[in-house]
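Following: one structure in structure tokens, then a few remarks.
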Amino acid sequence: MNAPVKPTEFADAPLWDLSDLYASREDARIAADLERARGLVERMNGFQGRLAALSGAELGRALDEAIGLYEQAADVMGALGAYAFLAASTNREDAAAQGFEADVREKLTVIATPTVWLTLEINALDEAAVEAALAAHAPAARWAPWLRRVRAMKPHELSAELETFIAERGPIQAQWPRLFDETLAVLRAPVGDEELTLAEGLNRLSDADGAKRQAAGEGLSTAFSGIARTMAMVLNTVAAEKALEDRKRGFKRPADSRHLGNEVDGESVDAMAEAVAEAYPRLAHRYYALKAKAMGKDRLAHWDRNAPIEAAASRAYDWAGGRAVVLSSFADLGGDFAERAGWFFDRPWIDARARAGKQSGAYAHPVTADRHPYVFLNWMGERRDVLTLAHELGHGVHQTLAAGQGSLLADTPLTLAETASIFAEGLTFDRLLAEATPDEQRALLAGRIEDGLNTVVRQIAFHRFETRFHDERAAGEVPVERIREIWMEELGASLGPSVDLTGYEDWWAYVSHFVHAPFYVYAYAFGDLLVAALMETRAKDPAAFTPLYRDLLSGGGARTYVEALKPFGLNPRDPAFWTIGTKRLEGLIDRFEALG
């Protein structure tokens with residue numbers, strides 16, 4: 001819903017203070033920490049070539065110390081990389097900040113590259129020898145989950161020379177995402193006499209004024225058309241580089257490496273995607289037909305997809321109001337969730353103020369387990385911004401809970417990474433709905449349904465687009481005209497006949513995950529459907545649910561998603577598991593229709 005205010009009126013939205021990391025790009029601690037990281041890597045490398053000759057307790061002690069040094073070095077380098085990225089993301093128009101980020105990335109790569117031997121030597125060990133070593137030296141047993149993930153990569157590892165080359169090439173490959181980010185940062189959508197940033201343009205698509213939505217939609221279409229060929233080149237290059245590495249590693253499908261990292265088999269993801277696609281008519285097609293009717297239209301233009309149902313301007317939230325709603329929602333869960341969320345407000349850990357040069361979107365950056373996370377968003381005072389704040393704080397709270405595992409084990413596969421964020425968003429919606437007047441409930445339901453469609457249906461459409469694009473890229477460069485065709489086919493199939501996508505041909509060009517993290521997008525749908533099952537479980541016994549849920553989040557990546565869900569009596573390998581979420585969303589559409 002659109003707030004009848006301008007982003008510039010949210011001067012109370014906070015800016016973060018990164019001095020917990022470094023005071024500035026000139027901070028002497030940066031050079032000192034680069035040197036400290038080198039020293040830790042050198043100590044770790046003292047074990048190189050020795051593991052194969054050890055066994056039992058000696059091997060256990062060596063693994064424990066080497067992996068511990070690896071984690072310590074990762075913590076130092078993680079803080080350096082996080083500072084450079086966080087500072088750059090708030091000003092993508094600052095060439096010095098972008099150059100500093102690239103420079104830090106290159107220096108970290110030089111330091112980290114000599115560590116590639118560790119996983120190679122670990123995977124050269126017999127499974128029985130590793131198990132015996134962990135049993136003989138008890139402190140080493142804590143690394144078992146990390147070793148599980150390392151050894152899963154064993155069939156796809158290359159020679160030490162090739163692994164080193166791939167690591168050294170990383171900063172060069174990162175220039176493509178950098179080009180993508182900087183292109184979007186300077187993009188301006190022509191809207192009447194205005195030149196809107198990407199964040200401002202996307203925000204206006206939920207304005208109560210249809211003429212403003214149309215002007216913003218057409219302006220963004222014009223802007224995306226102007227960058228489409230550049231973005232097509234970026235997308236083609238990223239996909240080609242990925243395909244080359246995948247072939248060397250023996251991955252058969254473009255998404256397989258992502259599945260391995262997520263500790264999920266591709267068949268399960270395919271089953272989820274098929275279940276969602278099969279539900280397109282019952283979900284998106286049905287809802288957008290109802291919404292078109294409610295708005296007195298035969299069809300919705302693409303810029304009307306997230307339009308408010310009611311003509312009157314909806315409630316606006318100042319920063320203090322948004323904070324109150326979100327903290328109350330976390331308190332509803334019980335335990336220490338609200339206290340941990342409060343840390344982010346009480347300390348300068350959030351950058352929420354929208355401004356020129358700041359990249360669009362939102363994220364929670366974990367930094368490292370021995371530091372604290374930071375939350376990034378662009379506050380516009382809308383209901384969606386309240387839910388986005390809850391979403392990112394869900395990540396942040398998850399990251400603080402998992403920090404006790406240490407950085408290597410706190411790192412959570414994407415199969416669970418979106419759990420806390422989507423759950424927090426759901427709790428916040430429930431509170432907004434409970435506090436709404438009867439007249440507001442229909443609009444809130446519409447917003448929640450649209451968020452669900454954007455998270456599940458739209459992300460699966462993105463996944464199917466991405467899969468088809470990578471498949472075709474294997475045969476050669478995919479021209480921008482063909483990218484447009486695939487995009488329109490997949491988005492059209494997902495949204496249905498009640499949405500007119502005229503002018504939508506180049507909107508793929510701003511989806512950052514296609515460039516930054518190929519095949520990430522299905523995790524949003526995965527997480528949303530998983531959370532739906534958890535919320536159904538909570539509804540049966542909220543008091544019993546909270547400690548189990550806290551334990552799940554505190555585990556970080558120490559357990560697979562199948563193991564983590566077992567205490568709740570949930571089995572994500574059962575195809576019926578995925579229908580819990582689609583039926584929950586369908587139930588919201590039933591309620592919306594009943595309200596007339």
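Naming scheme: A, B, ... for chains in displayed order of the structure tokens; residues 1 onward per chain; ligands 1 onward as shown.
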
Tell me which protein, DNA and RNA residues are within 10 Å of Glu101 in chain A, counting only C-alpha atoms, leaving out same-chain ones fewer than 6 positions away, and put them as a PDB file with N, CA and C atoms, in the first residue's frame.
```
ATOM      1  N   ARG A  25      37.753   4.218   5.217  1.00  0.00           N
ATOM      2  CA  ARG A  25      38.622   3.473   4.292  1.00  0.00           C
ATOM      3  C   ARG A  25      40.089   3.678   4.624  1.00  0.00           C
ATOM      4  N   LEU A  80      36.491  -7.579   6.958  1.00  0.00           N
ATOM      5  CA  LEU A  80      37.029  -6.665   5.945  1.00  0.00           C
ATOM      6  C   LEU A  80      36.117  -6.607   4.719  1.00  0.00           C
ATOM      7  N   GLY A  81      35.731  -7.772   4.217  1.00  0.00           N
ATOM      8  CA  GLY A  81      34.862  -7.812   3.047  1.00  0.00           C
ATOM      9  C   GLY A  81      33.502  -7.219   3.325  1.00  0.00           C
ATOM     10  N   ALA A  82      32.961  -7.471   4.521  1.00  0.00           N
ATOM     11  CA  ALA A  82      31.649  -6.928   4.875  1.00  0.00           C
ATOM     12  C   ALA A  82      31.694  -5.407   4.917  1.00  0.00           C
ATOM     13  N   TYR A  83      32.740  -4.847   5.527  1.00  0.00           N
ATOM     14  CA  TYR A  83      32.843  -3.391   5.608  1.00  0.00           C
ATOM     15  C   TYR A  83      32.861  -2.770   4.206  1.00  0.00           C
ATOM     16  N   ALA A  84      33.662  -3.339   3.328  1.00  0.00           N
ATOM     17  CA  ALA A  84      33.760  -2.781   1.977  1.00  0.00           C
ATOM     18  C   ALA A  84      32.425  -2.858   1.251  1.00  0.00           C
ATOM     19  N   PHE A  85      31.725  -3.992   1.390  1.00  0.00           N
ATOM     20  CA  PHE A  85      30.430  -4.152   0.714  1.00  0.00           C
ATOM     21  C   PHE A  85      29.366  -3.249   1.322  1.00  0.00           C
ATOM     22  N   LEU A  86      29.270  -3.241   2.647  1.00  0.00           N
ATOM     23  CA  LEU A  86      28.238  -2.432   3.303  1.00  0.00           C
ATOM     24  C   LEU A  86      28.394  -0.956   2.967  1.00  0.00           C
ATOM     25  N   ALA A  87      29.621  -0.476   2.999  1.00  0.00           N
ATOM     26  CA  ALA A  87      29.856   0.942   2.699  1.00  0.00           C
ATOM     27  C   ALA A  87      29.532   1.253   1.247  1.00  0.00           C
ATOM     28  N   ALA A  88      29.860   0.339   0.347  1.00  0.00           N
ATOM     29  CA  ALA A  88      29.613   0.574  -1.074  1.00  0.00           C
ATOM     30  C   ALA A  88      28.134   0.527  -1.408  1.00  0.00           C
ATOM     31  N   SER A  89      27.364  -0.326  -0.709  1.00  0.00           N
ATOM     32  CA  SER A  89      25.963  -0.506  -1.080  1.00  0.00           C
ATOM     33  C   SER A  89      25.104   0.697  -0.747  1.00  0.00           C
ATOM     34  N   ALA A  95      32.495   6.410  -6.907  1.00  0.00           N
ATOM     35  CA  ALA A  95      33.513   5.581  -7.563  1.00  0.00           C
ATOM     36  C   ALA A  95      34.584   5.127  -6.582  1.00  0.00           C
ATOM     37  N   ARG A 178      29.313  -6.192 -10.280  1.00  0.00           N
ATOM     38  CA  ARG A 178      29.559  -4.780  -9.997  1.00  0.00           C
ATOM     39  C   ARG A 178      28.985  -3.902 -11.104  1.00  0.00           C
TER      40      ARG A 178
END
```

Taking a cut-off of 12 Å and counting only C-alpha atoms, can you build a table that, for each residue of range 426-465 of chain A near range 492-495 of chain A, reports the nearest atom pair and how far apart they are in Å (one decimal), sorted by chain then residue number, as a tab-separated table?
```
residue	atom	partner	partner_atom	distance
A:Glu450	CA	A:Leu495	CA	11.2
A:Leu453	CA	A:Leu495	CA	9.0
A:Asn454	CA	A:Leu495	CA	10.0
A:Val456	CA	A:Ser494	CA	10.3
A:Val457	CA	A:Ser494	CA	6.5
A:Arg458	CA	A:Ser494	CA	6.9
A:Gln459	CA	A:Ser494	CA	9.8
A:Ile460	CA	A:Ser494	CA	8.5
A:Ala461	CA	A:Ser494	CA	6.2
A:Phe462	CA	A:Ser494	CA	9.7
A:His463	CA	A:Ser494	CA	11.5
A:Arg464	CA	A:Ser494	CA	10.2
A:Phe465	CA	A:Ser494	CA	10.9
```

- List the neighbours of Thr90 in chain A out to 9 Å using only C-alpha atoms; skip same-chain residues closer than 5 positions along the sequence, and give me the result as a list in words. Phe85, Asp351, Arg355, Ala356, Gly357, Lys358, Gln359 and Phe376 of chain A

Go ahead and write the selection's residues with all heavy atoms as a CSV table (one decimal), in the first residue's frame.
```
chain,number,residue,atom,x,y,z
A,85,PHE,N,31.7,-4.0,1.4
A,85,PHE,CA,30.4,-4.2,0.7
A,85,PHE,C,29.4,-3.2,1.3
A,85,PHE,O,28.6,-2.6,0.6
A,85,PHE,CB,30.0,-5.6,0.8
A,85,PHE,CG,28.6,-5.8,0.4
A,85,PHE,CD1,28.2,-5.8,-1.0
A,85,PHE,CD2,27.5,-6.0,1.3
A,85,PHE,CE1,26.9,-5.9,-1.4
A,85,PHE,CE2,26.2,-6.1,0.9
A,85,PHE,CZ,25.9,-6.1,-0.4
A,351,ASP,N,20.4,0.5,8.4
A,351,ASP,CA,20.4,1.6,7.4
A,351,ASP,C,19.1,1.5,6.6
A,351,ASP,O,18.9,0.7,5.8
A,351,ASP,CB,21.6,1.5,6.5
A,351,ASP,CG,21.8,2.9,5.8
A,351,ASP,OD1,20.9,3.3,5.0
A,351,ASP,OD2,22.9,3.5,6.0
A,355,ARG,N,17.8,7.1,-0.2
A,355,ARG,CA,18.5,8.2,-0.7
A,355,ARG,C,19.2,7.9,-2.0
A,355,ARG,O,19.4,6.7,-2.4
A,355,ARG,CB,19.6,8.8,0.3
A,355,ARG,CG,20.6,7.7,0.8
A,355,ARG,CD,21.2,8.2,2.1
A,355,ARG,NE,22.3,7.3,2.5
A,355,ARG,CZ,22.1,6.2,3.3
A,355,ARG,NH1,20.9,5.8,3.6
A,355,ARG,NH2,23.2,5.5,3.7
A,356,ALA,N,19.5,9.0,-2.8
A,356,ALA,CA,20.1,8.8,-4.1
A,356,ALA,C,21.4,8.0,-4.0
A,356,ALA,O,22.2,8.3,-3.1
A,356,ALA,CB,20.3,10.1,-4.8
A,357,GLY,N,21.7,7.1,-4.9
A,357,GLY,CA,22.9,6.4,-4.9
A,357,GLY,C,22.9,5.1,-4.1
A,357,GLY,O,23.7,4.2,-4.3
A,358,LYS,N,22.0,5.0,-3.2
A,358,LYS,CA,21.8,3.8,-2.4
A,358,LYS,C,21.2,2.7,-3.2
A,358,LYS,O,20.2,3.0,-3.9
A,358,LYS,CB,20.9,4.1,-1.1
A,358,LYS,CG,20.8,2.9,-0.2
A,358,LYS,CD,20.0,3.3,1.0
A,358,LYS,CE,19.8,2.1,2.0
A,358,LYS,NZ,19.0,2.5,3.2
A,359,GLN,N,21.7,1.5,-3.2
A,359,GLN,CA,21.2,0.4,-4.1
A,359,GLN,C,19.8,0.1,-3.6
A,359,GLN,O,19.4,0.3,-2.4
A,359,GLN,CB,22.1,-0.8,-4.1
A,359,GLN,CG,22.1,-1.6,-2.9
A,359,GLN,CD,23.1,-2.8,-3.0
A,359,GLN,OE1,24.2,-2.6,-3.5
A,359,GLN,NE2,22.7,-3.9,-2.6
A,376,PHE,N,19.8,-3.7,6.1
A,376,PHE,CA,19.7,-2.7,5.0
A,376,PHE,C,18.3,-2.8,4.4
A,376,PHE,O,17.8,-3.8,4.0
A,376,PHE,CB,20.8,-3.1,4.0
A,376,PHE,CG,20.8,-2.2,2.7
A,376,PHE,CD1,21.8,-1.2,2.6
A,376,PHE,CD2,19.9,-2.5,1.7
A,376,PHE,CE1,21.8,-0.5,1.4
A,376,PHE,CE2,19.9,-1.7,0.5
A,376,PHE,CZ,20.9,-0.7,0.4
```

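Near Asp126 in chain A, within a cut-off of 12 Å and counting only C-alpha atoms, sit the residues Leu51, Ala52, Ala53, Leu54, Ser55, Leu59, Ala132, Ala133, Arg151 and Lys154 of chain A, with same-chain residues fewer than 6 positions away left out.
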
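Distance check against Leu21 in chain A using only C-alpha atoms: of A:Gly557, A:Gly426, A:Gly266, A:Pro373, the minimum falls on A:Pro373.
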
- Query: Counting only C-alpha atoms, what is within 10 Å of Val130 in chain A, bar same-chain residues fewer than 4 positions away, as a ChimeraX atom specification?
  - Reply: /A:55-56,59-60,63,122-123,125-126,134-136,141,144,147

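Reported to one decimal place, the separation of CA of Pro281 in chain A from CA of Asp209 in chain A is 28.5 Å.
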
- Task: For each of A:Ile449, A:Ala532, A:Val480, A:Met380, take the minimum atom-to-atom distance to Ala11 in chain A, counting only C-alpha atoms, then give the residue where this is smallest.
- Result: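 Of all the options, A:Met380 lies closest to Ala11 in chain A.
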
Could you pull the residues within 9 Å of Ala73 in chain A, counting only C-alpha atoms, minus those fewer than 4 positions along the same chain, as an mmCIF file with N, CA and C atoms, in the first residue's frame?
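Contents of the output file selection_24.cif:
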```cif
data_model
loop_
_atom_site.group_PDB
_atom_site.id
_atom_site.type_symbol
_atom_site.label_atom_id
_atom_site.label_comp_id
_atom_site.auth_asym_id
_atom_site.auth_seq_id
_atom_site.Cartn_x
_atom_site.Cartn_y
_atom_site.Cartn_z
ATOM 1 N N ARG A 36 47.070 -9.618 9.711
ATOM 2 C CA ARG A 36 46.689 -10.655 10.684
ATOM 3 C C ARG A 36 46.104 -11.873 9.965
ATOM 4 N N ALA A 37 45.316 -11.621 8.938
ATOM 5 C CA ALA A 37 44.745 -12.726 8.169
ATOM 6 C C ALA A 37 45.846 -13.530 7.483
ATOM 7 N N ARG A 38 46.844 -12.823 6.946
ATOM 8 C CA ARG A 38 47.972 -13.523 6.320
ATOM 9 C C ARG A 38 48.681 -14.427 7.336
ATOM 10 N N GLY A 39 48.864 -13.923 8.540
ATOM 11 C CA GLY A 39 49.539 -14.697 9.570
ATOM 12 C C GLY A 39 48.765 -15.949 9.945
ATOM 13 N N LEU A 40 47.439 -15.841 10.059
ATOM 14 C CA LEU A 40 46.615 -16.999 10.394
ATOM 15 C C LEU A 40 46.664 -18.045 9.281
ATOM 16 N N VAL A 41 46.636 -17.560 8.040
ATOM 17 C CA VAL A 41 46.710 -18.488 6.906
ATOM 18 C C VAL A 41 48.069 -19.192 6.887
ATOM 19 N N GLY A 68 40.223 -24.705 12.863
ATOM 20 C CA GLY A 68 40.066 -23.552 13.739
ATOM 21 C C GLY A 68 40.790 -22.327 13.215
ATOM 22 N N LEU A 69 42.007 -22.504 12.722
ATOM 23 C CA LEU A 69 42.746 -21.390 12.131
ATOM 24 C C LEU A 69 42.066 -20.888 10.858
ATOM 25 N N MET A 77 38.892 -11.883 7.586
ATOM 26 C CA MET A 77 38.636 -11.483 6.195
ATOM 27 C C MET A 77 37.160 -11.174 5.972
ATOM 28 N N GLY A 78 36.272 -11.875 6.680
ATOM 29 C CA GLY A 78 34.840 -11.603 6.542
ATOM 30 C C GLY A 78 34.479 -10.207 6.988
ATOM 31 N N ALA A 112 43.403 -15.590 0.693
ATOM 32 C CA ALA A 112 42.612 -16.805 0.891
ATOM 33 C C ALA A 112 42.984 -17.930 -0.061
#
```

- Skipping near chain neighbours, those fewer than 4 positions away, what residues fall within 8 Å of Leu534 in chain A using only C-alpha atoms, listed as a ChimeraX atom specification? /A:530,538,568

Selection above as a file: all heavy atoms, as a tab-separated table (two decimals), in the first residue's frame:
```tsv
chain	number	residue	atom	x	y	z
A	530	LEU	N	7.92	-23.87	3.44
A	530	LEU	CA	8.39	-24.51	4.67
A	530	LEU	C	7.82	-23.78	5.89
A	530	LEU	O	7.36	-24.41	6.85
A	530	LEU	CB	9.92	-24.51	4.68
A	530	LEU	CG	10.66	-25.26	5.78
A	530	LEU	CD1	12.04	-25.68	5.27
A	530	LEU	CD2	10.83	-24.41	7.03
A	538	ARG	N	2.74	-24.37	14.71
A	538	ARG	CA	2.66	-23.45	15.84
A	538	ARG	C	1.23	-23.23	16.28
A	538	ARG	O	0.95	-23.13	17.49
A	538	ARG	CB	3.31	-22.12	15.48
A	538	ARG	CG	3.22	-21.07	16.59
A	538	ARG	CD	3.94	-19.78	16.23
A	538	ARG	NE	3.86	-18.81	17.30
A	538	ARG	CZ	2.96	-17.82	17.36
A	538	ARG	NH1	2.08	-17.65	16.37
A	538	ARG	NH2	2.94	-16.98	18.39
A	568	PHE	N	9.61	-31.23	14.63
A	568	PHE	CA	8.27	-30.68	14.44
A	568	PHE	C	7.32	-31.71	13.82
A	568	PHE	O	6.14	-31.41	13.59
A	568	PHE	CB	8.33	-29.45	13.53
A	568	PHE	CG	9.18	-28.34	14.06
A	568	PHE	CD1	10.52	-28.25	13.75
A	568	PHE	CD2	8.63	-27.37	14.89
A	568	PHE	CE1	11.31	-27.22	14.25
A	568	PHE	CE2	9.41	-26.33	15.39
A	568	PHE	CZ	10.76	-26.26	15.07
```

Any chance you could list, as a tab-separated table (two decimals) with N, CA, C and O atoms, in the first residue's frame, the residues in range 134-369 of chain A that come up strand (DSSP E or B) when DSSP is run on the backbone?
```tsv
chain	number	residue	atom	x	y	z
A	189	ALA	N	14.23	6.48	-13.98
A	189	ALA	CA	13.02	6.26	-14.76
A	189	ALA	C	12.34	7.59	-15.04
A	189	ALA	O	12.01	8.33	-14.09
A	190	PRO	N	12.13	7.94	-16.32
A	190	PRO	CA	11.47	9.21	-16.63
A	190	PRO	C	9.97	9.14	-16.33
A	190	PRO	O	9.23	8.35	-16.93
A	191	VAL	N	9.52	9.93	-15.38
A	191	VAL	CA	8.11	9.95	-14.99
A	191	VAL	C	7.67	11.41	-14.95
A	191	VAL	O	7.92	12.13	-13.98
A	194	GLU	N	9.79	14.18	-13.44
A	194	GLU	CA	10.68	13.58	-12.46
A	194	GLU	C	11.62	12.55	-13.09
A	194	GLU	O	11.34	12.01	-14.15
A	195	GLU	N	12.71	12.29	-12.39
A	195	GLU	CA	13.62	11.21	-12.73
A	195	GLU	C	13.73	10.33	-11.47
A	195	GLU	O	14.41	10.70	-10.52
A	196	LEU	N	13.03	9.21	-11.46
A	196	LEU	CA	12.95	8.38	-10.27
A	196	LEU	C	14.07	7.35	-10.23
A	196	LEU	O	14.43	6.75	-11.25
A	300	LEU	N	-5.81	-6.50	-15.38
A	300	LEU	CA	-4.87	-5.63	-14.68
A	300	LEU	C	-3.67	-5.35	-15.57
A	300	LEU	O	-3.11	-6.28	-16.16
A	301	ALA	N	-3.26	-4.10	-15.67
A	301	ALA	CA	-1.96	-3.80	-16.27
A	301	ALA	C	-0.89	-4.29	-15.30
A	301	ALA	O	-1.13	-4.44	-14.10
A	350	ILE	N	21.13	-0.59	11.64
A	350	ILE	CA	20.16	-0.57	10.53
A	350	ILE	C	20.41	0.66	9.67
A	350	ILE	O	20.58	1.77	10.19
A	351	ASP	N	20.41	0.48	8.35
A	351	ASP	CA	20.41	1.60	7.42
A	351	ASP	C	19.10	1.53	6.63
A	351	ASP	O	18.93	0.67	5.77
A	352	ALA	N	18.16	2.40	6.97
A	352	ALA	CA	16.83	2.33	6.39
A	352	ALA	C	16.46	3.54	5.55
A	352	ALA	O	15.47	3.50	4.82
A	353	ARG	N	17.24	4.62	5.64
A	353	ARG	CA	16.85	5.85	4.97
A	353	ARG	C	17.12	5.75	3.47
A	353	ARG	O	18.26	5.51	3.04
A	363	TYR	N	18.45	-6.35	2.70
A	363	TYR	CA	19.19	-7.54	3.07
A	363	TYR	C	19.59	-7.44	4.54
A	363	TYR	O	19.56	-6.37	5.15
A	364	ALA	N	19.97	-8.58	5.12
A	364	ALA	CA	20.61	-8.63	6.44
A	364	ALA	C	21.96	-9.28	6.23
A	364	ALA	O	22.04	-10.43	5.78
A	365	HIS	N	23.03	-8.57	6.56
A	365	HIS	CA	24.37	-9.10	6.36
A	365	HIS	C	24.88	-9.66	7.68
A	365	HIS	O	24.99	-8.93	8.67
```

- Taking the backbone alone, and naming residues the way the document does, which bits of range 174-242 of chain A are alpha helix (DSSP H) by DSSP, as a PyMOL selection string? chain A and resi 175-186+198-204+210-242

- Query: From the list A:Gly322, A:Gly335, A:Gly210, A:Gly192, which residue is nearest Arg305 in chain A when using only C-alpha atoms?
  - Reply: A:Gly210

- Nearest to Glu218 in chain A among A:Leu501, A:Ala97, A:Ala102, A:Val521, with distances taken over only C-alpha atoms: which residue is it?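 Checking each of A:Leu501, A:Ala97, A:Ala102, A:Val521 against Glu218 in chain A, counting only C-alpha atoms, the winner is A:Leu501.
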
- Point-to-point distance from CA of Gly396 in chain A to CA of Val116 in chain A, Å rounded to tenths: 29.8 Å

Kindly assemble as JSON lines a list of the range 232-308 of chain A residues that lie within 12 Å of range 199-203 of chain A, each paired with its nearest atom pair and their distance in Å to one decimal, using only C-alpha atoms, sorted first by chain and then by ascending residue number.
```
{"residue": "A:His302", "atom": "CA", "partner": "A:Leu202", "partner_atom": "CA", "distance": 11.9}
{"residue": "A:Trp303", "atom": "CA", "partner": "A:Leu202", "partner_atom": "CA", "distance": 9.3}
{"residue": "A:Asp304", "atom": "CA", "partner": "A:Leu202", "partner_atom": "CA", "distance": 11.7}
{"residue": "A:Arg305", "atom": "CA", "partner": "A:Leu202", "partner_atom": "CA", "distance": 11.8}
{"residue": "A:Asn306", "atom": "CA", "partner": "A:Asn203", "partner_atom": "CA", "distance": 9.9}
{"residue": "A:Ala307", "atom": "CA", "partner": "A:Asn203", "partner_atom": "CA", "distance": 10.4}
```

Generate the output file for the selected residues, N, CA, C and O atoms, as a PDB file, in the first residue's frame.
```
ATOM      1  N   HIS A 302       0.308  -4.556 -15.799  1.00  0.00           N
ATOM      2  CA  HIS A 302       1.336  -5.087 -14.897  1.00  0.00           C
ATOM      3  C   HIS A 302       1.652  -4.132 -13.756  1.00  0.00           C
ATOM      4  O   HIS A 302       2.055  -4.547 -12.670  1.00  0.00           O
ATOM      5  N   TRP A 303       1.441  -2.830 -13.957  1.00  0.00           N
ATOM      6  CA  TRP A 303       1.711  -1.873 -12.881  1.00  0.00           C
ATOM      7  C   TRP A 303       0.576  -1.840 -11.853  1.00  0.00           C
ATOM      8  O   TRP A 303       0.693  -1.179 -10.825  1.00  0.00           O
ATOM      9  N   ASP A 304      -0.518  -2.564 -12.112  1.00  0.00           N
ATOM     10  CA  ASP A 304      -1.616  -2.651 -11.150  1.00  0.00           C
ATOM     11  C   ASP A 304      -1.524  -3.886 -10.267  1.00  0.00           C
ATOM     12  O   ASP A 304      -2.351  -4.080  -9.378  1.00  0.00           O
ATOM     13  N   ARG A 305      -0.530  -4.727 -10.502  1.00  0.00           N
ATOM     14  CA  ARG A 305      -0.471  -6.012  -9.813  1.00  0.00           C
ATOM     15  C   ARG A 305      -0.398  -5.844  -8.296  1.00  0.00           C
ATOM     16  O   ARG A 305      -1.002  -6.604  -7.544  1.00  0.00           O
ATOM     17  N   ASN A 306       0.361  -4.852  -7.835  1.00  0.00           N
ATOM     18  CA  ASN A 306       0.492  -4.604  -6.399  1.00  0.00           C
ATOM     19  C   ASN A 306      -0.222  -3.325  -5.971  1.00  0.00           C
ATOM     20  O   ASN A 306       0.092  -2.754  -4.918  1.00  0.00           O
ATOM     21  N   ALA A 307      -1.192  -2.899  -6.770  1.00  0.00           N
ATOM     22  CA  ALA A 307      -1.940  -1.684  -6.441  1.00  0.00           C
ATOM     23  C   ALA A 307      -2.830  -1.934  -5.232  1.00  0.00           C
ATOM     24  O   ALA A 307      -3.309  -3.048  -5.022  1.00  0.00           O
TER      25      ALA A 307
END
```

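Across A:Thr197, A:Ser225, A:Ser19, A:Gln173, the tightest approach to Lys242 in chain A is made by A:Gln173 when counting only C-alpha atoms.
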
- Query: Closest to Leu198 in chain A among A:Leu184, A:Ala509, A:Ala390, A:Ala228, using only C-alpha atoms?
  - Reply: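 Looking only at the distances to Leu198 in chain A, the closest residue turns out to be A:Leu184.
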